[in-house]
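One file, model-v8.cif, carrying mmCIF, C-alpha atoms:
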data_protein
loop_
_atom_site.label_atom_id
_atom_site.label_comp_id
_atom_site.auth_asym_id
_atom_site.auth_seq_id
_atom_site.Cartn_x
_atom_site.Cartn_y
_atom_site.Cartn_z
CA MET A 22 -64.08 -67.52 5.94
CA LYS A 23 -66.72 -67.40 8.63
CA LEU A 24 -64.62 -69.63 10.84
CA LYS A 25 -61.53 -67.46 10.36
CA PHE A 26 -63.56 -64.34 11.10
CA LYS A 27 -64.93 -65.83 14.28
CA LEU A 28 -61.46 -66.88 15.37
CA SER A 29 -60.14 -63.37 14.68
CA VAL A 30 -62.88 -61.80 16.76
CA ALA A 31 -62.20 -64.24 19.55
CA ALA A 32 -58.47 -63.47 19.41
CA VAL A 33 -59.12 -59.73 19.63
CA ALA A 34 -61.48 -60.20 22.55
CA LEU A 35 -58.99 -62.45 24.33
CA GLY A 36 -56.22 -59.91 23.72
CA ALA A 37 -58.36 -57.15 25.19
CA VAL A 38 -58.97 -59.25 28.30
CA PHE A 39 -55.25 -59.88 28.76
CA ALA A 40 -54.45 -56.17 28.16
CA GLY A 41 -57.07 -55.08 30.66
CA SER A 42 -55.77 -57.57 33.20
CA ALA A 43 -52.19 -56.35 32.69
CA MET A 44 -53.28 -52.74 33.14
CA ALA A 45 -55.14 -53.63 36.31
CA ASP A 46 -52.09 -55.47 37.65
CA THR A 47 -49.85 -52.52 36.80
CA LYS A 48 -52.21 -50.07 38.52
CA ALA A 49 -52.42 -52.29 41.59
CA ALA A 50 -48.64 -52.52 41.71
CA MET A 51 -48.28 -48.76 41.43
CA MET A 52 -50.87 -48.19 44.15
CA ALA A 53 -48.93 -50.52 46.40
CA MET A 54 -45.73 -48.48 46.00
CA GLY A 55 -44.60 -46.21 48.82
CA ARG A 56 -46.51 -45.32 51.99
CA ASP A 57 -48.32 -42.43 53.57
CA ALA A 58 -46.08 -39.70 54.94
CA THR A 59 -45.85 -39.66 58.71
CA PRO A 60 -47.01 -36.57 60.65
CA ALA A 61 -43.36 -35.79 61.44
CA GLU A 62 -42.41 -35.95 57.77
CA VAL A 63 -45.27 -33.66 56.77
CA LYS A 64 -44.35 -31.22 59.52
CA ALA A 65 -40.74 -31.12 58.33
CA TRP A 66 -41.83 -29.96 54.86
CA ASP A 67 -44.84 -27.87 55.85
CA ILE A 68 -42.82 -24.79 56.78
CA ASP A 69 -44.21 -22.05 54.53
CA VAL A 70 -45.22 -18.77 56.16
CA ARG A 71 -48.07 -16.79 54.61
CA PRO A 72 -48.45 -12.99 54.54
CA ASP A 73 -51.17 -13.34 57.17
CA PHE A 74 -48.51 -15.12 59.29
CA LYS A 75 -50.22 -18.48 59.22
CA GLY A 76 -47.47 -21.05 59.62
CA LEU A 77 -45.19 -18.68 61.54
CA PRO A 78 -43.66 -20.54 64.50
CA LYS A 79 -43.39 -19.02 67.95
CA GLY A 80 -40.03 -17.47 68.73
CA VAL A 81 -38.14 -14.30 69.45
CA GLY A 82 -34.89 -12.75 68.27
CA THR A 83 -32.93 -9.60 68.98
CA VAL A 84 -31.02 -7.27 66.72
CA ALA A 85 -27.85 -7.85 68.75
CA LYS A 86 -28.04 -11.63 68.39
CA GLY A 87 -28.94 -11.27 64.73
CA GLU A 88 -25.86 -9.17 64.08
CA ALA A 89 -23.65 -11.88 65.62
CA VAL A 90 -25.27 -14.64 63.54
CA TRP A 91 -25.11 -12.43 60.44
CA GLU A 92 -21.40 -11.72 60.74
CA GLU A 93 -20.67 -15.41 61.29
CA LYS A 94 -22.89 -16.98 58.63
CA CYS A 95 -24.17 -14.33 56.22
CA ALA A 96 -21.78 -11.41 55.81
CA SER A 97 -19.35 -13.29 53.57
CA CYS A 98 -21.97 -13.22 50.79
CA HIS A 99 -24.12 -10.21 51.67
CA GLY A 100 -21.71 -7.80 53.36
CA VAL A 101 -21.70 -6.71 57.00
CA PHE A 102 -24.62 -4.35 56.42
CA GLY A 103 -26.43 -6.35 53.74
CA GLU A 104 -25.11 -3.95 51.13
CA SER A 105 -22.70 -6.16 49.19
CA ASN A 106 -23.10 -6.54 45.45
CA GLU A 107 -20.19 -8.93 44.95
CA VAL A 108 -22.03 -12.25 45.27
CA PHE A 109 -25.75 -11.41 45.35
CA THR A 110 -27.92 -8.34 44.85
CA PRO A 111 -27.81 -6.01 47.88
CA ILE A 112 -30.50 -6.64 50.48
CA ILE A 113 -30.54 -3.29 52.27
CA GLY A 114 -30.47 0.24 50.88
CA GLY A 115 -32.48 2.60 48.70
CA THR A 116 -35.36 3.20 51.12
CA THR A 117 -36.18 6.32 53.12
CA LYS A 118 -38.23 7.30 56.16
CA ASP A 119 -40.86 8.70 53.80
CA ASP A 120 -41.10 5.27 52.15
CA ILE A 121 -41.81 3.74 55.55
CA LYS A 122 -44.58 6.29 56.08
CA THR A 123 -46.25 5.78 52.71
CA GLY A 124 -45.52 2.10 52.14
CA ARG A 125 -44.39 2.86 48.59
CA VAL A 126 -40.69 3.04 47.68
CA LYS A 127 -40.22 6.19 45.65
CA GLY A 128 -36.87 4.99 44.34
CA LEU A 129 -38.61 2.29 42.31
CA ASP A 130 -40.29 4.98 40.22
CA GLU A 131 -37.37 7.34 39.82
CA GLY A 132 -35.19 5.29 37.51
CA MET A 133 -31.69 3.88 37.70
CA SER A 134 -30.07 7.31 37.92
CA ILE A 135 -31.58 7.88 41.37
CA VAL A 136 -31.20 4.37 42.80
CA PRO A 137 -28.81 2.43 40.55
CA GLN A 138 -29.33 -0.88 42.38
CA LYS A 139 -32.77 -2.17 43.31
CA THR A 140 -32.33 -3.87 46.67
CA THR A 141 -34.46 -6.57 48.26
CA ILE A 142 -35.93 -4.27 50.92
CA MET A 143 -37.01 -1.86 48.18
CA LYS A 144 -39.03 -4.50 46.36
CA VAL A 145 -40.38 -6.98 48.89
CA ALA A 146 -43.82 -6.11 50.25
CA THR A 147 -44.29 -8.67 53.03
CA VAL A 148 -42.00 -9.36 55.95
CA SER A 149 -43.24 -12.97 55.93
CA THR A 150 -41.44 -13.43 52.60
CA LEU A 151 -38.13 -12.55 54.22
CA TRP A 152 -38.77 -14.79 57.23
CA ASP A 153 -39.81 -17.72 55.04
CA TYR A 154 -36.85 -17.41 52.68
CA ILE A 155 -34.24 -17.06 55.41
CA ASN A 156 -35.74 -20.02 57.24
CA ARG A 157 -35.86 -22.42 54.29
CA ALA A 158 -32.86 -21.36 52.19
CA MET A 159 -30.19 -19.66 54.29
CA PRO A 160 -27.29 -19.81 54.82
CA TRP A 161 -26.64 -20.69 51.21
CA ASN A 162 -24.15 -23.44 52.09
CA ALA A 163 -26.31 -24.88 54.90
CA PRO A 164 -30.01 -24.20 54.26
CA LYS A 165 -32.50 -24.86 57.08
CA SER A 166 -29.68 -24.94 59.61
CA LEU A 167 -30.76 -21.82 61.53
CA SER A 168 -32.90 -22.22 64.63
CA THR A 169 -36.24 -20.43 64.78
CA ASP A 170 -34.87 -17.80 67.15
CA GLU A 171 -31.86 -17.28 64.89
CA VAL A 172 -34.16 -16.63 61.94
CA TYR A 173 -36.04 -14.04 63.98
CA SER A 174 -32.74 -12.51 65.05
CA VAL A 175 -31.23 -12.31 61.55
CA LEU A 176 -34.41 -10.76 60.22
CA ALA A 177 -34.48 -8.33 63.15
CA TYR A 178 -30.95 -7.23 62.26
CA LEU A 179 -31.88 -6.65 58.61
CA LEU A 180 -35.02 -4.74 59.54
CA SER A 181 -33.01 -2.57 61.92
CA LEU A 182 -30.62 -1.68 59.08
CA ALA A 183 -33.66 -0.56 57.09
CA GLU A 184 -34.94 1.39 60.10
CA VAL A 185 -38.10 -0.70 60.22
CA ILE A 186 -37.43 -1.64 63.85
CA PRO A 187 -35.14 0.06 66.40
CA ALA A 188 -31.43 -0.77 66.55
CA ASP A 189 -31.94 -2.26 70.03
CA GLY A 190 -35.23 -3.93 69.19
CA GLU A 191 -36.45 -7.48 68.98
CA LEU A 192 -38.69 -9.41 66.62
CA SER A 193 -41.11 -12.18 67.53
CA ASP A 194 -44.30 -13.87 66.45
CA LYS A 195 -46.07 -11.44 68.80
CA ASN A 196 -44.88 -8.19 67.18
CA ILE A 197 -44.02 -9.14 63.59
CA ALA A 198 -47.29 -7.56 62.40
CA GLN A 199 -45.96 -4.22 63.69
CA ALA A 200 -42.88 -4.68 61.52
CA GLN A 201 -45.13 -5.46 58.56
CA ALA A 202 -46.93 -2.16 59.11
CA ARG A 203 -43.60 -0.35 58.55
CA MET A 204 -42.30 -2.28 55.53
CA PRO A 205 -41.15 0.35 52.99
CA ASN A 206 -42.94 -1.26 50.03
CA ARG A 207 -45.90 -2.80 51.83
CA ASN A 208 -48.32 -0.97 49.54
CA GLY A 209 -46.30 -1.70 46.43
CA MET A 210 -48.08 -4.91 45.49
CA VAL A 211 -50.74 -4.47 42.84
CA PHE A 212 -53.75 -6.77 42.73
CA TYR A 213 -55.19 -6.69 39.25
CA GLU A 214 -58.52 -8.47 39.43
CA PRO A 215 -58.94 -9.39 35.74
CA MET A 216 -55.84 -11.55 35.97
CA TRP A 217 -57.49 -13.62 38.69
CA LYS A 218 -61.09 -13.84 37.46
CA THR A 219 -61.97 -15.50 34.17
CA ASN A 220 -65.11 -13.39 33.89
CA GLY A 221 -63.39 -10.16 34.82
CA LYS A 222 -62.67 -7.16 32.65
CA GLY A 223 -59.90 -7.66 30.11
CA ASP A 224 -56.41 -6.46 30.98
CA VAL A 225 -55.84 -4.85 27.57
CA LYS A 226 -57.75 -2.21 25.67
CA ASN A 227 -57.87 -2.49 21.91
CA VAL A 228 -60.25 -2.36 18.98
CA ALA A 229 -60.57 -5.38 16.74
CA CYS A 230 -59.61 -4.82 13.11
CA MET A 231 -62.68 -5.10 10.91
CA LYS A 232 -61.33 -4.27 7.43
CA ASN A 233 -58.02 -4.14 5.52
CA CYS A 234 -56.50 -6.20 8.30
CA ALA A 235 -53.05 -7.74 8.08
CA THR A 236 -53.23 -11.41 7.18
CA GLU A 237 -49.69 -12.20 8.29
CA VAL A 238 -47.65 -10.92 11.19
CA LYS A 239 -43.88 -10.86 10.90
CA ILE A 240 -42.02 -10.96 14.15
CA SER A 241 -38.39 -9.90 13.99
CA SER A 242 -35.66 -8.27 16.00
CA PHE A 243 -32.57 -6.28 15.17
CA LEU A 244 -29.35 -5.17 16.78
CA PRO A 245 -28.97 -1.38 16.77
CA ASP A 246 -25.73 -0.03 15.34
CA TYR A 247 -24.56 1.44 18.64
CA ALA A 248 -24.73 -1.99 20.27
CA LYS A 249 -22.83 -3.88 17.59
CA ASN A 250 -19.52 -5.32 18.75
CA ALA A 251 -20.18 -4.19 22.30
CA GLN A 252 -19.10 -7.68 23.32
CA GLY A 253 -17.10 -8.55 20.24
CA ASN A 254 -18.21 -10.07 16.96
CA THR A 255 -21.17 -12.31 17.77
CA ALA A 256 -20.58 -14.48 14.69
CA GLU A 257 -17.28 -15.62 16.19
CA GLN A 258 -18.91 -16.55 19.48
CA ASN A 259 -21.36 -19.16 18.14
CA ARG A 260 -20.77 -22.74 17.14
CA THR A 261 -19.94 -23.40 13.51
CA ILE A 262 -22.43 -26.25 13.09
CA GLY A 263 -26.14 -26.47 13.73
CA PRO A 264 -28.94 -23.94 13.15
CA VAL A 265 -27.69 -21.14 15.41
CA ARG A 266 -25.70 -18.36 13.79
CA GLY A 267 -24.60 -15.07 15.27
CA LEU A 268 -24.90 -11.83 13.34
CA ASP A 269 -21.60 -10.84 11.73
CA THR A 270 -21.27 -7.48 13.43
CA ASP A 271 -17.95 -6.74 11.72
CA LYS A 272 -19.70 -6.25 8.37
CA GLY A 273 -20.25 -2.63 7.49
CA LYS A 274 -18.42 -1.44 10.58
CA ALA A 275 -16.42 1.74 10.22
CA LYS A 276 -12.73 0.96 10.20
#
Taking this structure as input, can you express it in the form of structure tokens?
Amino acid sequence: MKLKFKLSVAAVALGAVFAGSAMADTKAAMMAMGRDATPAEVKAWDIDVRPDFKGLPKGVGTVAKGEAVWEEKCASCHGVFGESNEVFTPIIGGTTKDDIKTGRVKGLDEGMSIVPQKTTIMKVATVSTLWDYINRAMPWNAPKSLSTDEVYSVLAYLLSLAEVIPADGELSDKNIAQAQARMPNRNGMVFYEPMWKTNGKGDVKNVACMKNCATEVKISSFLPDYAKNAQGNTAEQNRTIGPVRGLDTDKGKAK
């Protein structure tokens, strides 16, 4: 028995050695995979533009040139004046001269009856966001195909439609901060410190239950009567097998 025990221990130890060796070989093989990215490759991907304009390349564009590029490459999706709602949400509209003065878009607080469609220019706070997105993602069918000056020009055209810059103006890395100072919702961003600091004040106010507290919480939802059958009987729109079942909204419905 002693001999068998010693052999077993030796086998386990030998197995551990082999396992450790295999892991080391695997790690070495993984470390040998690939190569460091070249400076040119890093530069090609390092294109983000921050709100403080770090990363913004030098360039200049005019409203006139931007309008030409827009009509050729952008209007089919966004409309000639950035107002189309057929393919994507409208980009321009819903802001006023007072919004430009205050930096807060009043239409965002007035409900859907006042401004039924929340446009991009109503919501976005930083002009760098627009520059960055156009540069990396537009046109939709050929992203990153616009030159730097074309990006400036397209953005200049959009900003002119929103009356942020003059209709005959230009936009460049030299004056983009001036455009930022006139963004309609530039003061619309809210920085809530407790969400960023673990030792900050809580973001909710409540009193802990100390007696006669609920021991179980039931979470449920319901479909109000006025919404039933708004899109047809939901039970007929779900698969007949599996765990998912739609509510039979025909039951109890007035005939």
Choose the residue, out of A:Gly124, A:Gly80, A:Gly87, A:Gly114, that has the smallest atom-to-atom separation from A:Gln138; count only C-alpha atoms. A:Gly114
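Taken over the whole file, the PyMOL selection byres ((chain A and resi 155) around 9) covers exactly Thr150, Leu151, Trp152, Asp153, Tyr154, Asn156, Arg157, Ala158, Met159, Pro160, Pro164, Lys165, Leu167, Val172, Val175 and Leu176 of chain A.
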Can you measure atom CA of A:Pro111 to atom CA of A:Tyr173 for me? One decimal in Å is fine.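 Straight-line distance from atom CA of A:Pro111 to atom CA of A:Tyr173 works out to 19.8 Å.
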Out of A:Met210, A:Ala200, A:Glu92, A:Leu192, which residue has the shortest atom-to-atom distance to A:Ala146 when counting all atoms listed in the file?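 Smallest distance to A:Ala146 is found for A:Met210.
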Considering all atoms listed in the file, return as a PyMOL selection string whatever protein or nucleic-acid residues lie within 12 Å of A:Ala188, sequence-local ones (same chain, fewer than 5 positions apart) excluded. chain A and resi 83-88+174+177-183
Let me make sure I understand: among A:Met52, A:Lys127, A:Met231, A:Val70, which one has the smallest atom-to-atom distance to A:Asn206 if we use all atoms listed in the file?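 Looking at the shortest contact to A:Asn206, the residue is A:Lys127.
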Atomic distance atom CA of A:Thr117 - atom CA of A:His99, expressed in Å with one decimal: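 Separating atom CA of A:Thr117 from atom CA of A:His99 is a distance of 20.5 Å.
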What's around A:Asp67 at 12 Å? Count all atoms listed in the file, leave out sequence neighbours fewer than 5 positions away in its own chain, and write the answer as a ChimeraX atom specification. /A:58,60-62,75-78,153,157
Coordinates-based distance that separates atom CA of A:Gly82 from atom CA of A:Glu171 (Å, one decimal):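 Taking atom CA of A:Glu171 as the start and atom CA of A:Gly82 as the end point, the length is 6.4 Å.
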Find the residues near A:Gly128: any atom within 8 Å, counting all atoms listed in the file, skip ones fewer than 5 places away on the same chain, and give them as a list in words.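 In the requested format, the answer is Gly115, Thr116, Ile135, Val136 and Met143 of chain A.
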